[in-house]
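Shown below: target_17.cif, with mmCIF, C-alpha atoms.
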data_input
loop_
_atom_site.label_atom_id
_atom_site.label_comp_id
_atom_site.auth_asym_id
_atom_site.auth_seq_id
_atom_site.Cartn_x
_atom_site.Cartn_y
_atom_site.Cartn_z
CA MET A 1 0.00 0.00 0.00
CA SER A 2 1.34 3.44 -0.92
CA ILE A 3 1.93 6.06 1.75
CA ARG A 4 -0.86 8.17 0.24
CA LEU A 5 -3.36 5.29 0.45
CA LEU A 6 -2.20 4.42 3.96
CA LEU A 7 -2.69 8.00 5.14
CA ALA A 8 -6.10 8.15 3.49
CA SER A 9 -7.09 4.89 5.20
CA LEU A 10 -5.93 6.12 8.60
CA PHE A 11 -7.77 9.42 8.12
CA LEU A 12 -11.01 7.64 7.19
CA THR A 13 -10.73 5.26 10.13
CA GLY A 14 -10.10 8.13 12.51
CA SER A 15 -13.01 10.11 11.12
CA LEU A 16 -15.40 7.17 11.52
CA ALA A 17 -14.25 6.58 15.08
CA ALA A 18 -14.72 10.26 15.90
CA THR A 19 -18.25 10.39 14.47
CA ALA A 20 -19.48 6.98 15.64
CA ALA A 21 -22.35 7.44 18.06
CA PRO A 22 -21.60 6.30 21.61
CA PRO A 23 -23.82 3.56 23.01
CA LEU A 24 -27.02 4.69 24.69
CA ARG A 25 -26.85 4.72 28.48
CA ILE A 26 -29.99 2.96 29.67
CA LEU A 27 -30.78 3.23 33.39
CA THR A 28 -33.24 1.27 35.48
CA GLU A 29 -34.04 0.28 39.06
CA ASP A 30 -34.92 -2.96 40.84
CA TYR A 31 -38.67 -3.11 40.16
CA PRO A 32 -39.73 -6.71 39.46
CA PRO A 33 -41.20 -8.11 37.31
CA PHE A 34 -40.51 -5.20 34.93
CA ASN A 35 -36.80 -4.68 35.66
CA MET A 36 -34.68 -6.71 38.08
CA MET A 37 -31.34 -8.40 38.56
CA GLY A 38 -31.39 -11.87 37.04
CA SER A 39 -29.02 -14.83 37.22
CA GLY A 40 -25.36 -14.16 36.58
CA GLY A 41 -25.73 -10.47 37.37
CA ARG A 42 -27.69 -9.78 34.18
CA ILE A 43 -30.57 -7.31 34.26
CA SER A 44 -33.80 -9.01 33.24
CA GLY A 45 -37.55 -8.50 33.50
CA MET A 46 -40.55 -7.87 31.28
CA SER A 47 -39.67 -4.30 30.26
CA THR A 48 -36.02 -5.26 29.85
CA ASP A 49 -36.89 -8.06 27.44
CA VAL A 50 -39.13 -5.74 25.41
CA LEU A 51 -36.47 -3.05 25.13
CA GLN A 52 -33.65 -5.45 24.32
CA GLU A 53 -35.65 -6.85 21.41
CA ALA A 54 -36.51 -3.34 20.18
CA PHE A 55 -32.86 -2.30 20.36
CA ARG A 56 -31.81 -5.48 18.54
CA ARG A 57 -34.27 -4.90 15.72
CA ALA A 58 -33.25 -1.25 15.43
CA GLY A 59 -29.53 -2.09 15.48
CA ILE A 60 -28.88 0.31 18.36
CA ASN A 61 -25.85 -0.09 20.63
CA TYR A 62 -26.62 0.35 24.33
CA GLY A 63 -25.68 -0.57 27.89
CA ILE A 64 -28.03 -1.06 30.86
CA GLU A 65 -27.19 -0.04 34.44
CA MET A 66 -29.21 -0.54 37.63
CA LEU A 67 -29.24 2.40 40.06
CA PRO A 68 -31.44 3.77 42.85
CA TRP A 69 -34.51 5.34 41.26
CA VAL A 70 -34.01 8.99 42.26
CA ARG A 71 -30.38 8.98 41.10
CA ALA A 72 -31.32 7.34 37.80
CA LEU A 73 -34.13 9.85 37.26
CA ASN A 74 -31.85 12.82 37.87
CA LEU A 75 -29.10 11.46 35.60
CA THR A 76 -31.59 10.99 32.77
CA ILE A 77 -32.75 14.59 33.12
CA LEU A 78 -29.14 15.86 33.05
CA GLU A 79 -27.34 13.58 30.56
CA SER A 80 -28.20 13.84 26.86
CA ASN A 81 -27.41 10.25 25.85
CA THR A 82 -29.42 8.65 28.67
CA CYS A 83 -32.82 6.94 29.01
CA LEU A 84 -34.69 5.46 31.97
CA TYR A 85 -37.23 2.65 32.38
CA SER A 86 -39.79 1.58 33.53
CA THR A 87 -41.15 5.14 33.83
CA ALA A 88 -44.76 6.15 34.38
CA ARG A 89 -45.72 8.86 31.88
CA THR A 90 -47.34 11.53 34.02
CA ALA A 91 -48.36 15.11 33.27
CA ALA A 92 -45.59 16.41 35.52
CA ARG A 93 -42.96 14.44 33.62
CA GLU A 94 -44.31 14.93 30.09
CA GLN A 95 -42.02 17.81 29.08
CA GLN A 96 -38.96 16.44 30.90
CA PHE A 97 -38.41 13.53 28.52
CA LYS A 98 -38.96 12.06 25.09
CA TRP A 99 -40.99 8.89 25.31
CA VAL A 100 -40.70 5.39 23.86
CA GLY A 101 -43.62 3.08 24.48
CA PRO A 102 -45.78 2.09 26.10
CA LEU A 103 -43.81 -0.97 27.20
CA VAL A 104 -46.26 -2.47 29.73
CA ASP A 105 -49.20 -1.47 31.89
CA ASN A 106 -48.87 -1.18 35.66
CA PRO A 107 -52.10 -1.11 37.71
CA TRP A 108 -51.65 0.83 40.96
CA VAL A 109 -53.07 -0.81 44.05
CA LEU A 110 -53.33 -0.35 47.79
CA TYR A 111 -52.06 -3.32 49.78
CA GLY A 112 -53.38 -3.99 53.27
CA ARG A 113 -52.75 -6.52 56.00
CA ASN A 114 -54.86 -9.67 55.98
CA ASP A 115 -56.02 -8.88 59.54
CA SER A 116 -56.76 -5.21 58.84
CA ARG A 117 -60.11 -3.78 59.92
CA HIS A 118 -59.81 -0.88 57.48
CA ALA A 119 -62.39 -1.77 54.81
CA ILE A 120 -62.38 0.68 51.89
CA LYS A 121 -64.17 0.61 48.54
CA SER A 122 -62.69 3.72 46.93
CA LEU A 123 -59.50 5.74 47.01
CA GLU A 124 -61.33 8.62 48.64
CA GLU A 125 -62.16 6.38 51.60
CA ALA A 126 -58.40 5.87 52.15
CA ARG A 127 -57.82 9.59 52.67
CA ARG A 128 -57.99 9.34 56.48
CA PHE A 129 -55.29 6.66 56.59
CA LYS A 130 -51.49 6.74 56.36
CA ILE A 131 -50.24 5.29 53.07
CA GLY A 132 -46.72 4.05 52.39
CA GLY A 133 -44.87 4.99 49.21
CA TYR A 134 -41.26 5.58 48.17
CA SER A 135 -39.33 8.68 47.16
CA GLY A 136 -39.50 9.63 43.50
CA ASP A 137 -42.18 7.07 42.65
CA ALA A 138 -45.08 8.22 40.45
CA THR A 139 -47.60 6.27 42.56
CA ALA A 140 -46.62 8.11 45.72
CA GLN A 141 -46.49 11.47 43.93
CA PHE A 142 -49.98 10.90 42.52
CA LEU A 143 -51.32 10.55 46.06
CA ILE A 144 -49.26 13.43 47.48
CA ASP A 145 -50.56 15.75 44.76
CA ARG A 146 -54.11 14.88 45.84
CA GLY A 147 -53.49 15.61 49.50
CA PHE A 148 -53.16 12.08 50.87
CA ASP A 149 -51.03 11.35 53.93
CA VAL A 150 -48.08 9.55 52.31
CA ASP A 151 -45.21 8.24 54.41
CA LEU A 152 -42.17 7.97 52.11
CA ALA A 153 -39.48 5.31 52.30
CA SER A 154 -36.20 5.12 50.39
CA THR A 155 -37.22 1.82 48.73
CA ASP A 156 -40.51 0.01 48.15
CA GLN A 157 -39.25 -3.04 50.04
CA LEU A 158 -39.24 -1.02 53.27
CA ASN A 159 -42.98 -0.43 52.93
CA ILE A 160 -43.60 -4.15 53.37
CA LYS A 161 -41.91 -4.03 56.78
CA LYS A 162 -43.68 -0.80 57.73
CA LEU A 163 -47.10 -2.25 56.85
CA LEU A 164 -46.44 -5.49 58.73
CA ALA A 165 -45.32 -3.46 61.76
CA GLY A 166 -48.43 -1.26 61.65
CA ARG A 167 -46.46 1.95 60.95
CA ILE A 168 -48.63 2.57 57.87
CA ASP A 169 -52.22 1.54 57.13
CA PHE A 170 -51.82 0.81 53.41
CA TRP A 171 -49.03 0.44 50.90
CA ALA A 172 -49.41 2.03 47.45
CA THR A 173 -47.50 0.27 44.68
CA GLY A 174 -47.81 -1.42 41.31
CA LYS A 175 -49.88 -4.59 41.32
CA TYR A 176 -47.28 -6.81 39.66
CA PRO A 177 -44.18 -5.32 41.34
CA GLY A 178 -45.94 -5.57 44.70
CA ALA A 179 -46.75 -9.23 44.15
CA ALA A 180 -43.17 -9.91 43.00
CA LEU A 181 -41.68 -8.19 46.05
CA LEU A 182 -43.96 -10.10 48.42
CA ALA A 183 -42.98 -13.39 46.77
CA ARG A 184 -39.29 -12.47 47.00
CA GLU A 185 -39.63 -11.59 50.71
CA LYS A 186 -41.82 -14.67 51.34
CA VAL A 187 -44.56 -12.49 52.86
CA THR A 188 -48.12 -13.84 52.80
CA GLN A 189 -49.80 -11.52 55.33
CA LEU A 190 -50.58 -8.77 52.80
CA HIS A 191 -53.01 -8.58 49.91
CA PRO A 192 -54.25 -5.98 47.37
CA ILE A 193 -57.52 -4.37 48.40
CA LEU A 194 -58.09 -1.62 45.81
CA THR A 195 -56.95 -0.79 42.27
CA PHE A 196 -57.04 2.99 41.77
CA ASN A 197 -55.17 3.76 38.54
CA THR A 198 -53.61 1.94 35.57
CA PRO A 199 -50.79 3.98 34.02
CA MET A 200 -48.55 2.77 31.22
CA LEU A 201 -44.80 2.43 31.65
CA TYR A 202 -42.33 3.82 29.11
CA LEU A 203 -38.68 4.33 28.28
CA ALA A 204 -38.09 8.00 29.16
CA CYS A 205 -35.21 9.63 27.29
CA ASN A 206 -33.39 12.89 27.83
CA PRO A 207 -35.00 15.60 25.62
CA GLY A 208 -31.73 15.94 23.72
CA MET A 209 -32.19 12.46 22.23
CA PRO A 210 -32.63 12.66 18.42
CA ASP A 211 -36.26 12.48 17.31
CA ALA A 212 -35.32 9.99 14.60
CA LEU A 213 -34.04 7.52 17.19
CA ILE A 214 -37.19 7.89 19.31
CA GLN A 215 -39.35 7.34 16.23
CA GLN A 216 -37.30 4.29 15.20
CA LEU A 217 -37.77 2.63 18.59
CA ASN A 218 -41.49 3.42 18.68
CA ASP A 219 -41.86 1.93 15.20
CA GLN A 220 -40.15 -1.25 16.38
CA LEU A 221 -42.49 -1.52 19.36
CA ARG A 222 -45.54 -1.21 17.11
CA SER A 223 -44.11 -3.92 14.88
CA MET A 224 -43.53 -6.16 17.91
CA GLN A 225 -47.14 -5.67 18.96
CA ARG A 226 -48.44 -6.57 15.50
CA ASP A 227 -46.37 -9.74 15.15
CA GLY A 228 -47.19 -11.06 18.64
CA THR A 229 -43.72 -10.58 20.13
CA LEU A 230 -44.97 -8.39 22.99
CA ALA A 231 -47.62 -10.90 24.05
CA HIS A 232 -45.00 -13.66 23.99
CA LEU A 233 -42.60 -11.66 26.17
CA TYR A 234 -45.33 -10.71 28.66
CA ALA A 235 -46.37 -14.36 29.04
CA LYS A 236 -42.93 -15.24 30.45
CA TYR A 237 -43.68 -13.15 33.53
CA ILE A 238 -47.47 -12.89 33.84
CA ASN A 239 -49.61 -15.85 32.88
CA GLN A 240 -52.86 -13.89 32.92
CA LYS A 241 -53.16 -10.14 33.15
CA GLU A 242 -56.27 -9.33 35.14
#

Would it be possible to restate this file's structure as structure tokens?
Amino acid sequence: MSIRLLLASLFLTGSLAATAAPPLRILTEDYPPFNMMGSGGRISGMSTDVLQEAFRRAGINYGIEMLPWVRALNLTILESNTCLYSTARTAAREQQFKWVGPLVDNPWVLYGRNDSRHAIKSLEEARRFKIGGYSGDATAQFLIDRGFDVDLASTDQLNIKKLLAGRIDFWATGKYPGAALLAREKVTQLHPILTFNTPMLYLACNPGMPDALIQQLNDQLRSMQRDGTLAHLYAKYINQKE
């Protein structure tokens, strides 16, 4: 190879390396069955499986990290190449992110103790009770915004202990994550007593993310819904969605 061709080759290689897009930084929390740490230290879960297939079909390079929710939320707001899942799409968050989804639905429920005497038939009837939630969670914020007495914990797992100990009257959480956490902790003394909202969960991306990439991922999700891939992935974690 001549020196001229060699220099041209090196220049082209360097230019491609300089312009190659870095992998997307995808953040999540421990929120089974949607996102959780699986065997061998690999992040798994229903939303994880959906996103991994969408990224594969779109040919997008990415890496997934598990962090505490509030830290992950703040990083996604601040860092341009970052996305976060599984994120409830609320009015307060709408302008903070660009959205890919929905990935899954997540009914919100109030859990109570099996021996509780607090019988309620509506969310309004729970207003006089203390409800457990966790910091940064959309479920807890929904109740706080409506004037409910919400006792915040740093993680949702702590609310199980608080409810068992009688420090709170109810625990507000997602139906499926709540059931998964109770199974993980081997707790049978709690049960869901009221479903009060059913938001959809999304991949929330920093607003600096290119619109074309957001559109590409949303197109892949629609394709996965049409060809039955989403239903197949959901069935691995939830046999029957009520």

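Using all atoms listed in the file, the smallest distance between any of A:Phe34, A:Tyr176, A:Tyr111, A:Tyr62 and A:Leu163 comes from A:Tyr111.
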
Near stretch 21-27 of chain A, 9 Å: stretch 70-160 of chain A residue rows, closest pairs, all atoms listed in the file, as a Markdown table:
| residue | atom | partner | partner_atom | distance |
| --- | --- | --- | --- | --- |
| A:Ala72 | CA | A:Leu27 | CA | 6.1 |
| A:Leu73 | CA | A:Leu27 | CA | 8.4 |
| A:Leu75 | CA | A:Leu27 | CA | 8.7 |
| A:Thr76 | CA | A:Leu27 | CA | 7.8 |
| A:Asn81 | CA | A:Leu24 | CA | 5.7 |
| A:Thr82 | CA | A:Arg25 | CA | 4.7 |
| A:Cys83 | CA | A:Ile26 | CA | 4.9 |
| A:Leu84 | CA | A:Leu27 | CA | 4.7 |
| A:Tyr85 | CA | A:Leu27 | CA | 6.6 |

Between A:Arg113, A:Arg93, A:Lys236, A:His191, single out the one closest to A:Lys175, counting only C-alpha atoms. A:His191

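Considering the residues A:Leu221, A:Phe196, A:Ser39, A:Pro210 and counting only C-alpha atoms, A:Ser80 has its shortest atom-to-atom contact with A:Pro210.
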
What lies within 12 Å of stretch 98-102 of chain A using all atoms listed in the file, ignoring chain neighbours under 3 positions off, as a PDB file with C-alpha atoms, in the coordinates of the input?
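Writing the result to part-v7.pdb gives the following:
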ATOM      1  CA  SER A  47     -39.670  -4.300  30.260  1.00  0.00           C
ATOM      2  CA  VAL A  50     -39.130  -5.740  25.410  1.00  0.00           C
ATOM      3  CA  LEU A  51     -36.470  -3.050  25.130  1.00  0.00           C
ATOM      4  CA  ALA A  54     -36.510  -3.340  20.180  1.00  0.00           C
ATOM      5  CA  PHE A  55     -32.860  -2.300  20.360  1.00  0.00           C
ATOM      6  CA  THR A  76     -31.590  10.990  32.770  1.00  0.00           C
ATOM      7  CA  ILE A  77     -32.750  14.590  33.120  1.00  0.00           C
ATOM      8  CA  SER A  80     -28.200  13.840  26.860  1.00  0.00           C
ATOM      9  CA  ASN A  81     -27.410  10.250  25.850  1.00  0.00           C
ATOM     10  CA  THR A  82     -29.420   8.650  28.670  1.00  0.00           C
ATOM     11  CA  CYS A  83     -32.820   6.940  29.010  1.00  0.00           C
ATOM     12  CA  LEU A  84     -34.690   5.460  31.970  1.00  0.00           C
ATOM     13  CA  TYR A  85     -37.230   2.650  32.380  1.00  0.00           C
ATOM     14  CA  SER A  86     -39.790   1.580  33.530  1.00  0.00           C
ATOM     15  CA  THR A  87     -41.150   5.140  33.830  1.00  0.00           C
ATOM     16  CA  ALA A  88     -44.760   6.150  34.380  1.00  0.00           C
ATOM     17  CA  ARG A  89     -45.720   8.860  31.880  1.00  0.00           C
ATOM     18  CA  THR A  90     -47.340  11.530  34.020  1.00  0.00           C
ATOM     19  CA  ARG A  93     -42.960  14.440  33.620  1.00  0.00           C
ATOM     20  CA  GLU A  94     -44.310  14.930  30.090  1.00  0.00           C
ATOM     21  CA  GLN A  95     -42.020  17.810  29.080  1.00  0.00           C
ATOM     22  CA  ASP A 105     -49.200  -1.470  31.890  1.00  0.00           C
ATOM     23  CA  ASN A 106     -48.870  -1.180  35.660  1.00  0.00           C
ATOM     24  CA  PRO A 199     -50.790   3.980  34.020  1.00  0.00           C
ATOM     25  CA  MET A 200     -48.550   2.770  31.220  1.00  0.00           C
ATOM     26  CA  LEU A 201     -44.800   2.430  31.650  1.00  0.00           C
ATOM     27  CA  TYR A 202     -42.330   3.820  29.110  1.00  0.00           C
ATOM     28  CA  LEU A 203     -38.680   4.330  28.280  1.00  0.00           C
ATOM     29  CA  ALA A 204     -38.090   8.000  29.160  1.00  0.00           C
ATOM     30  CA  CYS A 205     -35.210   9.630  27.290  1.00  0.00           C
ATOM     31  CA  ASN A 206     -33.390  12.890  27.830  1.00  0.00           C
ATOM     32  CA  PRO A 207     -35.000  15.600  25.620  1.00  0.00           C
ATOM     33  CA  GLY A 208     -31.730  15.940  23.720  1.00  0.00           C
ATOM     34  CA  MET A 209     -32.190  12.460  22.230  1.00  0.00           C
ATOM     35  CA  PRO A 210     -32.630  12.660  18.420  1.00  0.00           C
ATOM     36  CA  ASP A 211     -36.260  12.480  17.310  1.00  0.00           C
ATOM     37  CA  ALA A 212     -35.320   9.990  14.600  1.00  0.00           C
ATOM     38  CA  LEU A 213     -34.040   7.520  17.190  1.00  0.00           C
ATOM     39  CA  ILE A 214     -37.190   7.890  19.310  1.00  0.00           C
ATOM     40  CA  GLN A 215     -39.350   7.340  16.230  1.00  0.00           C
ATOM     41  CA  GLN A 216     -37.300   4.290  15.200  1.00  0.00           C
ATOM     42  CA  LEU A 217     -37.770   2.630  18.590  1.00  0.00           C
ATOM     43  CA  ASN A 218     -41.490   3.420  18.680  1.00  0.00           C
ATOM     44  CA  ASP A 219     -41.860   1.930  15.200  1.00  0.00           C
ATOM     45  CA  GLN A 220     -40.150  -1.250  16.380  1.00  0.00           C
ATOM     46  CA  LEU A 221     -42.490  -1.520  19.360  1.00  0.00           C
ATOM     47  CA  ARG A 222     -45.540  -1.210  17.110  1.00  0.00           C
ATOM     48  CA  SER A 223     -44.110  -3.920  14.880  1.00  0.00           C
ATOM     49  CA  MET A 224     -43.530  -6.160  17.910  1.00  0.00           C
ATOM     50  CA  GLN A 225     -47.140  -5.670  18.960  1.00  0.00           C
ATOM     51  CA  LEU A 230     -44.970  -8.390  22.990  1.00  0.00           C
TER      52      LEU A 230
END

Please determine, counting only C-alpha atoms, which residue among A:Phe97, A:Phe129, A:Phe142, A:Phe148 has the shortest atom-to-atom distance to A:Leu78. A:Phe97

Tell me which protein, DNA and RNA residues are within 12 Å of A:Glu29, counting all atoms listed in the file, leaving out same-chain ones fewer than 4 positions away, and put them as a PyMOL selection string. chain A and resi 33-37+43-45+47-48+64-73+84-87+136-137+155-156+177

Just to be explicit: take each residue in the selection above, keep C-alpha atoms, and write the result as a short mmCIF file (atom, residue, chain, number, x, y, z; two decimals), in the coordinates of the input.
data_model
loop_
_atom_site.label_atom_id
_atom_site.label_comp_id
_atom_site.auth_asym_id
_atom_site.auth_seq_id
_atom_site.Cartn_x
_atom_site.Cartn_y
_atom_site.Cartn_z
CA PRO A 33 -41.20 -8.11 37.31
CA PHE A 34 -40.51 -5.20 34.93
CA ASN A 35 -36.80 -4.68 35.66
CA MET A 36 -34.68 -6.71 38.08
CA MET A 37 -31.34 -8.40 38.56
CA ILE A 43 -30.57 -7.31 34.26
CA SER A 44 -33.80 -9.01 33.24
CA GLY A 45 -37.55 -8.50 33.50
CA SER A 47 -39.67 -4.30 30.26
CA THR A 48 -36.02 -5.26 29.85
CA ILE A 64 -28.03 -1.06 30.86
CA GLU A 65 -27.19 -0.04 34.44
CA MET A 66 -29.21 -0.54 37.63
CA LEU A 67 -29.24 2.40 40.06
CA PRO A 68 -31.44 3.77 42.85
CA TRP A 69 -34.51 5.34 41.26
CA VAL A 70 -34.01 8.99 42.26
CA ARG A 71 -30.38 8.98 41.10
CA ALA A 72 -31.32 7.34 37.80
CA LEU A 73 -34.13 9.85 37.26
CA LEU A 84 -34.69 5.46 31.97
CA TYR A 85 -37.23 2.65 32.38
CA SER A 86 -39.79 1.58 33.53
CA THR A 87 -41.15 5.14 33.83
CA GLY A 136 -39.50 9.63 43.50
CA ASP A 137 -42.18 7.07 42.65
CA THR A 155 -37.22 1.82 48.73
CA ASP A 156 -40.51 0.01 48.15
CA PRO A 177 -44.18 -5.32 41.34
#

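Computed from the coordinates, the atom CA of A:Leu110 to atom CA of A:Ala92 distance equals 22.2 Å.
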
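Every residue that the PyMOL selection byres ((chain A and resi 172) around 10) selects in this file is listed here: Trp108, Val109, Leu110, Tyr111, Gly112, Ile131, Gly132, Gly133, Tyr134, Thr139, Ala140, Leu143, Val150, Asp156, Asn159, Phe170, Trp171, Thr173, Gly174, Lys175, Gly178, Pro192, Leu194, Thr195 and Phe196 of chain A.
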
I would like the residues chosen by the PyMOL selection byres ((chain A and resi 114) around 6) on the shown file; could you give them as a PDB file with C-alpha atoms, keeping the file's coordinate frame?
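Result file is part31.pdb:
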ATOM      1  CA  ARG A 113     -52.750  -6.520  56.000  1.00  0.00           C
ATOM      2  CA  ASP A 115     -56.020  -8.880  59.540  1.00  0.00           C
ATOM      3  CA  SER A 116     -56.760  -5.210  58.840  1.00  0.00           C
ATOM      4  CA  GLN A 189     -49.800 -11.520  55.330  1.00  0.00           C
ATOM      5  CA  LEU A 190     -50.580  -8.770  52.800  1.00  0.00           C
TER       6      LEU A 190
END

Expected axis-aligned box over every listed atom of stretch 70-78 of chain A, 3 Å added per side, centre plus edges in Å to one decimal, as lines of an AutoDock Vina configuration file:
center_x = -31.6
center_y = 11.6
center_z = 37.5
size_x = 11.0
size_y = 14.5
size_z = 15.5

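Residue nearest A:Lys162 within the list A:Ser135, A:Lys130, A:Asn61, A:Leu103: A:Lys130 [criterion: smallest interatomic distance, only C-alpha atoms].
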
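Atom CA of A:Arg184 is found 13.2 Å from atom CA of A:Lys161.
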